[in-house]
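Raw contents of work32.txt, compact mmCIF, C-alpha atoms:
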```
# COMPACT_ATOMS: atom_id res chain seq x y z
CA LEU Z 2 -12.27 -33.80 3.08
CA LEU Z 3 -8.69 -32.69 3.77
CA ALA Z 4 -9.85 -30.73 6.82
CA ALA Z 5 -11.49 -33.85 8.26
CA LEU Z 6 -8.32 -35.84 7.57
CA TYR Z 7 -6.23 -33.16 9.30
CA CYS Z 8 -8.49 -33.33 12.37
CA THR Z 9 -8.14 -37.10 12.68
CA GLN Z 10 -4.37 -36.88 12.31
CA THR Z 11 -3.76 -34.09 14.84
CA THR Z 12 -6.29 -35.07 17.52
CA PRO Z 13 -4.98 -37.58 20.10
CA ARG Z 14 -6.43 -41.01 19.39
CA ASP Z 15 -7.68 -41.44 22.95
CA ALA Z 16 -9.53 -38.07 22.95
CA PRO Z 17 -13.14 -37.82 21.72
CA LEU Z 18 -13.46 -36.07 18.34
CA HIS Z 19 -16.63 -34.34 17.13
CA MET Z 20 -16.52 -32.82 13.63
CA VAL Z 21 -19.02 -30.27 12.30
CA THR Z 22 -19.17 -29.63 8.54
CA ARG Z 23 -21.24 -27.84 5.93
CA SER Z 24 -20.72 -30.69 3.47
CA ARG Z 25 -23.55 -33.19 3.31
CA ASP Z 26 -21.53 -35.12 0.71
CA LEU Z 27 -18.73 -35.69 3.24
CA ILE Z 28 -21.17 -37.18 5.73
CA LYS Z 29 -22.74 -39.44 3.09
CA THR Z 30 -19.30 -40.52 1.93
CA VAL Z 31 -18.00 -41.68 5.32
CA THR Z 32 -21.29 -43.21 6.46
CA GLU Z 33 -22.83 -44.70 3.30
CA ALA Z 34 -20.44 -44.80 0.32
CA VAL Z 35 -17.32 -46.23 1.96
CA PRO Z 36 -18.64 -49.79 2.53
CA ALA Z 37 -19.66 -50.11 -1.13
CA TRP Z 38 -16.32 -48.72 -2.32
CA GLU Z 39 -14.41 -51.11 -0.07
CA ASN Z 40 -16.38 -54.04 -1.50
CA ARG Z 41 -15.30 -52.91 -5.00
CA GLY Z 42 -11.67 -52.48 -3.98
CA TRP Z 43 -12.05 -48.68 -4.25
CA LEU Z 44 -12.48 -49.08 -8.01
CA ASP Z 45 -13.54 -45.77 -9.64
CA ALA Z 46 -14.02 -44.14 -6.23
CA PRO Z 47 -13.38 -40.36 -6.39
CA HIS Z 48 -10.51 -39.11 -4.17
CA ALA Z 49 -9.95 -42.72 -3.13
CA ASN Z 50 -6.56 -42.23 -1.44
CA THR Z 51 -7.75 -39.29 0.66
CA ILE Z 52 -10.92 -41.09 1.77
CA ARG Z 53 -8.98 -44.28 2.58
CA ALA Z 54 -6.58 -42.21 4.70
CA LEU Z 55 -9.48 -40.55 6.53
CA ILE Z 56 -11.27 -43.84 7.25
CA GLY Z 57 -8.01 -45.49 8.30
CA HIS Z 58 -7.22 -42.78 10.85
CA VAL Z 59 -10.81 -42.86 12.17
CA ARG Z 60 -10.59 -46.64 12.68
CA ALA Z 61 -7.21 -46.27 14.39
CA ARG Z 62 -8.77 -44.08 17.08
CA SER Z 63 -9.76 -45.62 20.43
CA ALA Z 64 -12.05 -42.74 21.47
CA PRO Z 65 -15.46 -41.98 19.91
CA THR Z 66 -15.46 -40.05 16.61
CA THR Z 67 -18.65 -38.32 15.42
CA ILE Z 68 -19.57 -36.06 12.51
CA GLN Z 69 -22.62 -33.88 11.86
CA GLN Z 70 -23.80 -31.20 9.48
CA ALA Z 71 -23.81 -27.61 10.72
CA GLU Z 72 -27.36 -26.43 11.39
CA LYS Z 73 -27.35 -24.06 14.36
CA ARG Z 74 -26.26 -20.45 13.98
CA GLN Z 75 -23.49 -20.91 16.51
CA GLU Z 76 -22.07 -23.85 14.55
CA ILE Z 77 -22.16 -21.93 11.27
CA ARG Z 78 -20.53 -18.92 12.96
CA GLU Z 79 -17.73 -21.08 14.34
CA LEU Z 80 -17.16 -22.62 10.90
CA ASN Z 81 -16.90 -19.15 9.35
CA ASP Z 82 -14.38 -18.10 12.01
CA ALA Z 83 -12.35 -21.24 11.41
CA GLN Z 84 -12.37 -20.58 7.67
CA ASP Z 85 -11.14 -17.02 8.22
CA ASP Z 86 -8.35 -18.29 10.48
CA ALA Z 87 -7.35 -20.82 7.84
CA LYS Z 88 -7.13 -18.10 5.17
CA VAL Z 89 -4.86 -16.03 7.42
CA ASP Z 90 -2.63 -19.05 8.05
CA VAL Z 91 -2.33 -19.65 4.29
CA GLU Z 92 -1.48 -16.00 3.59
CA GLU Z 93 1.17 -16.01 6.32
CA HIS Z 94 2.48 -19.45 5.29
CA ARG Z 95 1.59 -20.94 8.68
CA ASP Z 96 -0.70 -23.61 7.28
CA LYS Z 97 0.08 -27.26 7.91
CA PRO Z 98 -1.50 -29.38 5.17
CA ALA Z 99 -2.78 -32.84 5.94
CA LYS Z 100 -0.57 -35.73 4.89
CA ILE Z 101 -2.30 -38.46 2.94
CA THR Z 102 -0.98 -41.44 4.88
CA ILE Z 103 -3.00 -44.62 5.39
CA PRO Z 104 -2.44 -46.59 8.62
CA ARG Z 105 -1.34 -50.00 7.41
CA ASN Z 106 -3.22 -52.00 10.04
CA PHE Z 107 -6.49 -50.21 9.27
CA ASP Z 108 -6.38 -50.17 5.45
CA LEU Z 109 -8.87 -52.58 3.90
CA THR Z 110 -7.50 -53.61 0.49
CA GLY Z 111 -8.74 -55.86 -2.29
CA MET Z 112 -12.31 -56.75 -3.25
CA ARG Z 113 -14.87 -58.64 -1.21
CA LEU Z 114 -15.26 -62.08 -2.81
CA ARG Z 115 -18.95 -62.26 -1.98
CA THR Z 116 -19.75 -59.14 -4.03
CA MET Z 117 -17.07 -59.46 -6.72
CA THR Z 118 -18.09 -60.11 -10.32
CA GLN Z 119 -15.98 -61.17 -13.27
CA ALA Z 120 -16.36 -57.69 -14.78
CA LEU Z 121 -15.16 -56.04 -11.56
CA ALA Z 122 -12.21 -58.41 -11.27
CA TYR Z 123 -11.18 -57.78 -14.87
CA LYS Z 124 -11.51 -54.02 -14.40
CA GLY Z 125 -9.39 -54.17 -11.26
CA ILE Z 126 -6.67 -56.17 -13.00
CA MET Z 127 -6.62 -53.75 -15.92
CA LYS Z 128 -6.40 -50.86 -13.46
CA MET Z 129 -3.19 -52.30 -12.04
CA THR Z 130 -1.52 -52.62 -15.45
CA LYS Z 131 -0.68 -49.32 -17.09
CA PRO Z 132 -0.54 -49.66 -20.90
CA ASP Z 133 2.40 -48.21 -22.77
CA ASP Z 134 1.81 -44.96 -24.62
CA ARG Z 135 1.37 -45.45 -28.36
CA PRO Z 136 3.81 -43.22 -30.29
CA SER Z 137 1.15 -42.43 -32.91
CA THR Z 138 -1.33 -41.42 -30.19
CA THR Z 139 1.23 -39.21 -28.48
CA ARG Z 140 2.01 -37.49 -31.78
CA ARG Z 141 -1.68 -36.92 -32.49
CA LEU Z 142 -2.29 -35.38 -29.05
CA ASP Z 143 0.73 -33.10 -29.48
CA GLU Z 144 -0.59 -31.97 -32.87
CA ILE Z 145 -4.03 -31.24 -31.37
CA ARG Z 146 -2.47 -29.14 -28.60
CA ARG Z 147 -0.28 -27.21 -31.02
CA GLN Z 148 -3.25 -26.50 -33.27
CA ALA Z 149 -5.31 -25.16 -30.35
CA LEU Z 150 -2.38 -23.03 -29.18
CA ALA Z 151 -1.85 -21.59 -32.67
CA ARG Z 152 -5.53 -20.66 -32.75
CA GLY Z 153 -5.17 -18.79 -29.45
CA ASP Z 154 -7.11 -21.33 -27.37
CA GLU Z 155 -6.07 -23.17 -24.23
CA PRO Z 156 -4.43 -26.47 -25.27
CA PRO Z 157 -6.66 -29.36 -24.11
CA ARG Z 158 -5.28 -32.00 -21.77
CA ALA Z 159 -5.23 -35.62 -22.92
CA LEU Z 160 -8.09 -36.53 -20.57
CA GLU Z 161 -10.21 -33.69 -21.98
CA VAL Z 162 -9.60 -34.90 -25.53
CA TRP Z 163 -10.68 -38.47 -24.71
CA ARG Z 164 -13.75 -37.30 -22.83
CA GLY Z 165 -14.59 -34.95 -25.68
CA LEU Z 166 -14.68 -37.85 -28.12
CA ARG Z 167 -17.40 -39.39 -25.89
CA HIS Z 168 -19.40 -36.16 -25.83
CA LYS Z 169 -23.17 -36.63 -25.60
CA ASP Z 170 -23.62 -34.64 -28.83
CA ILE Z 171 -21.69 -37.32 -30.76
CA ARG Z 172 -23.40 -40.61 -31.59
CA LYS Z 173 -21.81 -43.69 -30.01
CA PRO Z 174 -20.76 -45.39 -33.29
CA ILE Z 175 -19.10 -42.13 -34.33
CA SER Z 176 -17.41 -41.81 -30.93
CA ASP Z 177 -15.84 -45.23 -31.46
CA PHE Z 178 -14.76 -44.19 -34.95
CA LEU Z 179 -13.17 -40.94 -33.71
CA TRP Z 180 -11.47 -42.73 -30.80
CA LYS Z 181 -9.80 -45.23 -33.14
CA LEU Z 182 -8.91 -42.39 -35.49
CA ALA Z 183 -7.14 -40.52 -32.69
CA HIS Z 184 -5.17 -43.68 -31.87
CA ASN Z 185 -4.37 -44.26 -35.56
CA ALA Z 186 -5.83 -47.74 -35.04
CA TYR Z 187 -7.39 -48.24 -38.48
CA LYS Z 188 -5.74 -50.58 -40.95
CA CYS Z 189 -5.06 -48.01 -43.62
CA GLY Z 190 -2.09 -46.77 -45.58
CA SER Z 191 1.33 -47.70 -44.18
CA TYR Z 192 -0.18 -50.45 -42.00
CA TRP Z 193 -0.14 -52.76 -45.04
CA SER Z 194 3.42 -51.96 -46.12
CA HIS Z 195 4.90 -54.57 -43.75
CA ILE Z 196 2.49 -57.41 -44.58
CA PRO Z 197 3.77 -59.63 -47.42
CA GLY Z 198 1.27 -60.03 -50.23
CA TYR Z 199 -0.88 -57.08 -49.17
CA GLU Z 200 1.42 -54.15 -49.90
CA SER Z 201 -0.89 -52.91 -52.65
CA ARG Z 202 -3.58 -52.09 -50.08
CA GLN Z 203 -1.57 -49.14 -48.78
CA THR Z 204 -2.16 -47.28 -52.05
CA CYS Z 205 -5.37 -45.46 -52.97
CA THR Z 206 -6.50 -46.80 -56.36
CA SER Z 207 -8.13 -43.48 -57.25
CA CYS Z 208 -5.17 -41.21 -56.47
CA ASN Z 209 -2.20 -43.60 -56.63
CA THR Z 210 -0.92 -42.32 -53.27
CA GLU Z 211 -0.83 -43.64 -49.70
CA ASP Z 212 -4.36 -44.34 -48.50
CA SER Z 213 -3.91 -42.88 -45.00
CA THR Z 214 -6.85 -41.76 -42.88
CA THR Z 215 -5.93 -38.14 -43.59
CA HIS Z 216 -5.96 -38.84 -47.32
CA LEU Z 217 -9.26 -40.74 -47.45
CA LEU Z 218 -11.09 -38.25 -45.21
CA PHE Z 219 -9.81 -34.97 -46.65
CA GLN Z 220 -7.83 -35.43 -49.88
CA CYS Z 221 -9.09 -38.40 -51.91
CA GLU Z 222 -10.35 -37.62 -55.43
CA ALA Z 223 -12.90 -40.45 -55.40
CA PRO Z 224 -16.52 -39.24 -55.05
CA GLY Z 225 -17.27 -38.73 -51.38
CA GLN Z 226 -15.06 -36.56 -49.23
CA ASN Z 227 -14.98 -33.42 -51.37
CA LEU Z 228 -18.75 -33.37 -51.94
CA VAL Z 229 -19.53 -34.06 -48.27
CA TRP Z 230 -17.26 -31.26 -47.03
CA THR Z 231 -18.73 -28.91 -49.64
CA MET Z 232 -22.24 -29.60 -48.31
CA ALA Z 233 -20.98 -29.18 -44.74
CA GLU Z 234 -19.48 -25.82 -45.69
CA LYS Z 235 -22.76 -24.63 -47.24
CA LEU Z 236 -24.70 -25.57 -44.12
CA TRP Z 237 -22.19 -23.98 -41.74
CA THR Z 238 -21.87 -20.72 -43.68
CA ARG Z 239 -25.64 -20.20 -43.68
CA LYS Z 240 -25.31 -19.13 -40.07
CA HIS Z 241 -21.68 -18.71 -39.10
CA GLY Z 242 -20.04 -17.21 -42.18
CA SER Z 243 -16.39 -18.20 -42.38
CA TRP Z 244 -15.38 -21.79 -43.01
CA GLN Z 245 -12.07 -23.56 -43.29
CA LYS Z 246 -11.99 -27.17 -44.39
CA PRO Z 247 -11.21 -29.23 -41.28
CA GLY Z 248 -8.32 -31.63 -40.89
CA ILE Z 249 -7.58 -34.81 -38.96
CA ASN Z 250 -6.71 -32.86 -35.79
CA ASP Z 251 -10.05 -31.02 -35.90
CA LEU Z 252 -11.74 -34.40 -35.56
CA GLY Z 253 -9.55 -35.16 -32.55
CA GLU Z 254 -10.62 -32.01 -30.73
CA VAL Z 255 -14.21 -31.92 -32.01
CA GLY Z 256 -15.60 -32.57 -28.53
CA VAL Z 257 -13.54 -29.93 -26.70
CA ARG Z 258 -13.32 -27.02 -29.13
CA GLN Z 259 -15.15 -23.93 -27.92
CA TRP Z 260 -16.45 -21.25 -30.27
CA LYS Z 261 -16.61 -17.73 -28.85
CA ASP Z 262 -18.08 -14.46 -30.06
CA GLU Z 263 -16.37 -11.08 -30.28
CA ASN Z 264 -16.87 -10.57 -26.53
CA LYS Z 265 -15.07 -13.86 -25.74
CA LYS Z 266 -18.38 -15.40 -24.69
CA ARG Z 267 -19.03 -19.05 -25.55
CA ASN Z 268 -21.58 -19.81 -28.24
CA LEU Z 269 -23.01 -23.14 -27.08
CA GLY Z 270 -25.26 -23.52 -30.12
CA LYS Z 271 -22.28 -23.05 -32.42
CA ASP Z 272 -20.33 -25.61 -30.40
CA ARG Z 273 -23.10 -28.20 -30.86
CA LEU Z 274 -23.58 -27.56 -34.56
CA TRP Z 275 -19.83 -27.89 -35.15
CA ARG Z 276 -19.70 -31.19 -33.28
CA ILE Z 277 -22.69 -32.56 -35.18
CA ILE Z 278 -21.63 -31.45 -38.67
CA LEU Z 279 -18.01 -32.54 -38.30
CA SER Z 280 -18.68 -35.91 -36.70
CA GLU Z 281 -21.54 -36.90 -39.01
CA SER Z 282 -19.69 -35.78 -42.15
CA ALA Z 283 -16.43 -37.56 -41.31
CA TYR Z 284 -18.25 -40.76 -40.40
CA LEU Z 285 -20.22 -40.74 -43.65
CA ILE Z 286 -17.00 -40.30 -45.65
CA TRP Z 287 -15.53 -43.28 -43.81
CA LEU Z 288 -18.59 -45.42 -44.58
CA LEU Z 289 -18.51 -44.44 -48.25
CA ARG Z 290 -14.83 -45.29 -48.47
CA CYS Z 291 -15.32 -48.71 -46.83
CA GLU Z 292 -18.19 -49.53 -49.19
CA ARG Z 293 -16.10 -48.55 -52.20
CA VAL Z 294 -12.83 -50.22 -51.15
CA ILE Z 295 -14.08 -53.31 -49.31
CA ARG Z 296 -17.57 -54.14 -50.56
CA HIS Z 297 -16.64 -53.39 -54.20
CA GLU Z 298 -12.97 -54.34 -54.07
CA ASP Z 299 -13.30 -56.40 -57.26
CA ASP Z 300 -14.41 -53.35 -59.26
CA ASP Z 301 -11.86 -50.53 -59.13
CA ALA Z 302 -14.06 -48.37 -61.35
CA TRP Z 303 -17.10 -48.50 -59.03
CA ARG Z 304 -18.06 -45.15 -57.48
CA HIS Z 305 -20.95 -43.73 -55.44
CA PRO Z 306 -23.29 -41.49 -57.48
CA ASN Z 307 -23.21 -37.87 -56.30
CA ASP Z 308 -26.98 -37.88 -55.80
CA GLU Z 309 -26.71 -40.80 -53.40
CA ILE Z 310 -23.98 -39.04 -51.42
CA ARG Z 311 -26.15 -35.91 -51.12
CA ARG Z 312 -29.17 -37.92 -49.99
CA ARG Z 313 -27.21 -39.86 -47.38
CA TRP Z 314 -25.60 -36.72 -45.94
CA ALA Z 315 -28.97 -34.93 -45.77
CA PHE Z 316 -30.51 -38.04 -44.19
CA ALA Z 317 -27.81 -38.13 -41.47
CA LEU Z 318 -28.26 -34.44 -40.59
CA ASN Z 319 -32.06 -34.65 -40.68
CA ASN Z 320 -31.91 -37.63 -38.34
CA ARG Z 321 -29.87 -35.58 -35.87
CA LEU Z 322 -32.35 -32.73 -36.13
CA GLN Z 323 -35.31 -35.03 -35.46
CA LEU Z 324 -33.45 -36.67 -32.58
CA ASP Z 325 -32.81 -33.25 -31.02
CA ARG Z 326 -36.49 -32.38 -31.32
CA GLU Z 327 -37.54 -35.69 -29.76
CA MET Z 328 -35.09 -35.30 -26.86
CA THR Z 329 -36.78 -32.08 -25.71
CA ARG Z 330 -39.68 -34.16 -24.31
CA LEU Z 331 -40.05 -34.27 -20.53
CA LYS Z 332 -40.26 -38.08 -20.50
CA TYR Z 333 -36.48 -38.31 -21.00
CA GLY Z 334 -35.84 -36.79 -17.57
CA SER Z 335 -32.20 -35.94 -16.91
CA LYS Z 336 -31.27 -36.80 -20.51
CA MET Z 337 -33.74 -34.30 -21.90
CA LEU Z 338 -32.39 -31.49 -24.10
CA ARG Z 339 -33.40 -27.91 -23.48
CA ALA Z 340 -35.59 -26.57 -26.28
CA ASP Z 341 -33.71 -23.27 -26.38
CA ARG Z 342 -30.41 -25.14 -26.84
CA VAL Z 343 -31.86 -27.07 -29.78
CA THR Z 344 -33.19 -23.84 -31.29
CA GLU Z 345 -29.82 -22.17 -30.77
CA THR Z 346 -28.13 -25.05 -32.59
CA TRP Z 347 -30.34 -25.29 -35.68
CA LYS Z 348 -31.68 -21.76 -36.08
CA HIS Z 349 -30.85 -20.17 -39.47
CA VAL Z 350 -29.60 -23.45 -41.00
CA LEU Z 351 -32.98 -25.03 -41.77
CA ASP Z 352 -34.59 -25.04 -45.21
CA ASN Z 353 -37.72 -22.86 -45.54
CA GLU Z 354 -37.28 -21.71 -41.95
CA GLN Z 355 -39.66 -18.77 -42.30
CA ALA Z 356 -42.48 -21.07 -43.39
CA ILE Z 357 -41.91 -23.43 -40.46
CA GLY Z 358 -42.63 -20.85 -37.75
CA LYS Z 359 -41.00 -20.16 -34.40
CA ASN Z 360 -42.25 -23.19 -32.46
CA TRP Z 361 -40.81 -25.86 -34.74
CA VAL Z 362 -39.07 -27.64 -31.84
```
Turn the structure described in the file into structure tokens.
Amino acid sequence: LLAALYCTQTTPRDAPLHMVTRSRDLIKTVTEAVPAWENRGWLDAPHANTIRALIGHVRARSAPTTIQQAEKRQEIRELNDAQDDAKVDVEEHRDKPAKITIPRNFDLTGMRLRTMTQALAYKGIMKMTKPDDRPSTTRRLDEIRRQALARGDEPPRALEVWRGLRHKDIRKPISDFLWKLAHNAYKCGSYWSHIPGYESRQTCTSCNTEDSTTHLLFQCEAPGQNLVWTMAEKLWTRKHGSWQKPGINDLGEVGVRQWKDENKKRNLGKDRLWRIILSESAYLIWLLRCERVIRHEDDDAWRHPNDEIRRRWAFALNNRLQLDREMTRLKYGSKMLRADRVTETWKHVLDNEQAIGKNWV
């Protein structure tokens, strides 16, 4: 893309320009994708500024400009020679990078009214307004990075954290829950301290301490969190041995954490099982807490029976197992899960696994 831009910038506008490339994507971009992106105001277009600069310089030319994919041996040989020359120029600091400048008279801005929808218009307006960073969100991201660094892992970037919370291994309702948790957006704990008449809601009635999200998910003495994490530990240690009770920052990085073996090789099955156990367990604790505090707010002594908590946790994990098995079917196309990945995730954590057989997926 940058090479094509460089060619259009350095070739005289009144001289014919013929570009040969290996990239089929580049040809499709300039011939097919650009009109649709211009209609949308370049909304969500990848490398939008570079492509706009390229198209602008092409339109500013008075001589013919053509582009084709390399097919003949001579064309491929010339491309290889050009690539070698470019490497030498970079090594000897003689390279002249393309400048991403868009000719003002040939830059098509805005959206086409005929194809614009209310959703597109709203998205474009929101794109132009950058929201202020929330202090609580910034603190949470910093804590997640520090935790990863202390563990010896590469600290995740903010974008990686947010994408991780939308990981395909995490159910959508739980993704929303984790996203709000990372933003500290739930009305818990200190949120109520500044609202007259509702100050009592900031205190956990079971523990007589601040009912923060950290407290209700990992510290509360009411039936729920301790039993759920104990069951999660038993399931995890069946296969992976060591366990340390997770914290609020583990939920923030649940979608990006990578487990590796002694040879520093990623264990993808372990990654999936961790995401599933952590996300399902935390979400169940949240549901139990809301039922106890909101649905039964008039009865401070009401508690979930331990047997019910065990059944609901087992039901959630069994549902995920059955969903994984179902998603190995060919009818789901690109969304289909590989059977070996499902086996790698659940192997050695199932009850009566020897009686089930090898082809349980």
For this session: List every protein, DNA or RNA residue with an atom no more than 10 Å from (-20.7, -33.1, -46.9) in the file's coordinates, counting all atoms listed in the file, and format the result as a list of chain:residue names.
Result: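 The distance filter leaves exactly Z:Gly225, Z:Gln226, Z:Asn227, Z:Leu228, Z:Val229, Z:Trp230, Z:Thr231, Z:Met232, Z:Ala233, Z:Glu234, Z:Lys235, Z:Leu236, Z:Ile278, Z:Leu279, Z:Glu281, Z:Ser282, Z:Ala283, Z:Leu285, Z:Ile286, Z:Ile310, Z:Arg311, Z:Arg313, Z:Trp314, Z:Ala315, Z:Leu318.
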Could those residues be written to a file, using C-alpha atoms, as a compact mmCIF listing (two decimals), in the coordinates of the input?
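Below is the file that was written, again-v6.txt:
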```txt
# COMPACT_ATOMS: atom_id res chain seq x y z
CA GLY Z 225 -17.27 -38.73 -51.38
CA GLN Z 226 -15.06 -36.56 -49.23
CA ASN Z 227 -14.98 -33.42 -51.37
CA LEU Z 228 -18.75 -33.37 -51.94
CA VAL Z 229 -19.53 -34.06 -48.27
CA TRP Z 230 -17.26 -31.26 -47.03
CA THR Z 231 -18.73 -28.91 -49.64
CA MET Z 232 -22.24 -29.60 -48.31
CA ALA Z 233 -20.98 -29.18 -44.74
CA GLU Z 234 -19.48 -25.82 -45.69
CA LYS Z 235 -22.76 -24.63 -47.24
CA LEU Z 236 -24.70 -25.57 -44.12
CA ILE Z 278 -21.63 -31.45 -38.67
CA LEU Z 279 -18.01 -32.54 -38.30
CA GLU Z 281 -21.54 -36.90 -39.01
CA SER Z 282 -19.69 -35.78 -42.15
CA ALA Z 283 -16.43 -37.56 -41.31
CA LEU Z 285 -20.22 -40.74 -43.65
CA ILE Z 286 -17.00 -40.30 -45.65
CA ILE Z 310 -23.98 -39.04 -51.42
CA ARG Z 311 -26.15 -35.91 -51.12
CA ARG Z 313 -27.21 -39.86 -47.38
CA TRP Z 314 -25.60 -36.72 -45.94
CA ALA Z 315 -28.97 -34.93 -45.77
CA LEU Z 318 -28.26 -34.44 -40.59
```
Problem set entry | Neighbour residues at most 10 Å from (-6.7, -44.2, 1.2) (all atoms listed in the file) as an MDAnalysis selection string | chainID Z and resid 43 48:58 101:104 108:110
Exercise. So, counting all atoms listed in the file, which residue among Z:Arg78, Z:Arg342, Z:Arg258, Z:His94 is closest to Pro156 (chain Z)?
Worked result: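 Residue with the minimum atom-to-atom distance to Pro156 (chain Z): Z:Arg258.
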For this session: Name the residues in contact with Leu179 (chain Z) at a cut-off of 9 Å, using all atoms listed in the file, excluding same-chain residues fewer than 3 positions from it; report them as a PyMOL selection string.
Result: chain Z and resi 166+174-176+182-184+252-253+280+283-284
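Interatomic distance, CA of Phe219 (chain Z) to CA of Trp287 (chain Z): 10.5 Å.
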For this session: For Leu2 (chain Z), list every protein, DNA or RNA residue within 7 Å, evaluated using all atoms listed in the file, and leave out those in the same chain fewer than 3 positions away; present the list as a VMD selection string.
Result: chain Z and resid 5 to 6 27
Problem set entry | Selection near region 185-189 of chain Z, 10 Å with all atoms listed in the file, sequence-local residues under 6 positions removed, as JSON, numbers by chain | {"Z": [135, 136, 137, 138, 141, 178, 179, 202, 203, 204, 205, 211, 212, 213, 214, 215, 216, 217]}
Exercise. Distance CA of Asp301 (chain Z)-CA of Ile249 (chain Z), one decimal place?
Worked result: 25.9 Å
For this session: May I have the residues within 12 Å of Glu155 (chain Z) as a list of chain:residue names, using only C-alpha atoms and disregarding those fewer than 2 positions away in the same chain?
Result: Z:Ile145, Z:Arg146, Z:Arg147, Z:Gln148, Z:Ala149, Z:Leu150, Z:Ala151, Z:Arg152, Z:Gly153, Z:Pro157, Z:Arg158, Z:Glu161, Z:Glu254, Z:Val257, Z:Arg258, Z:Gln259
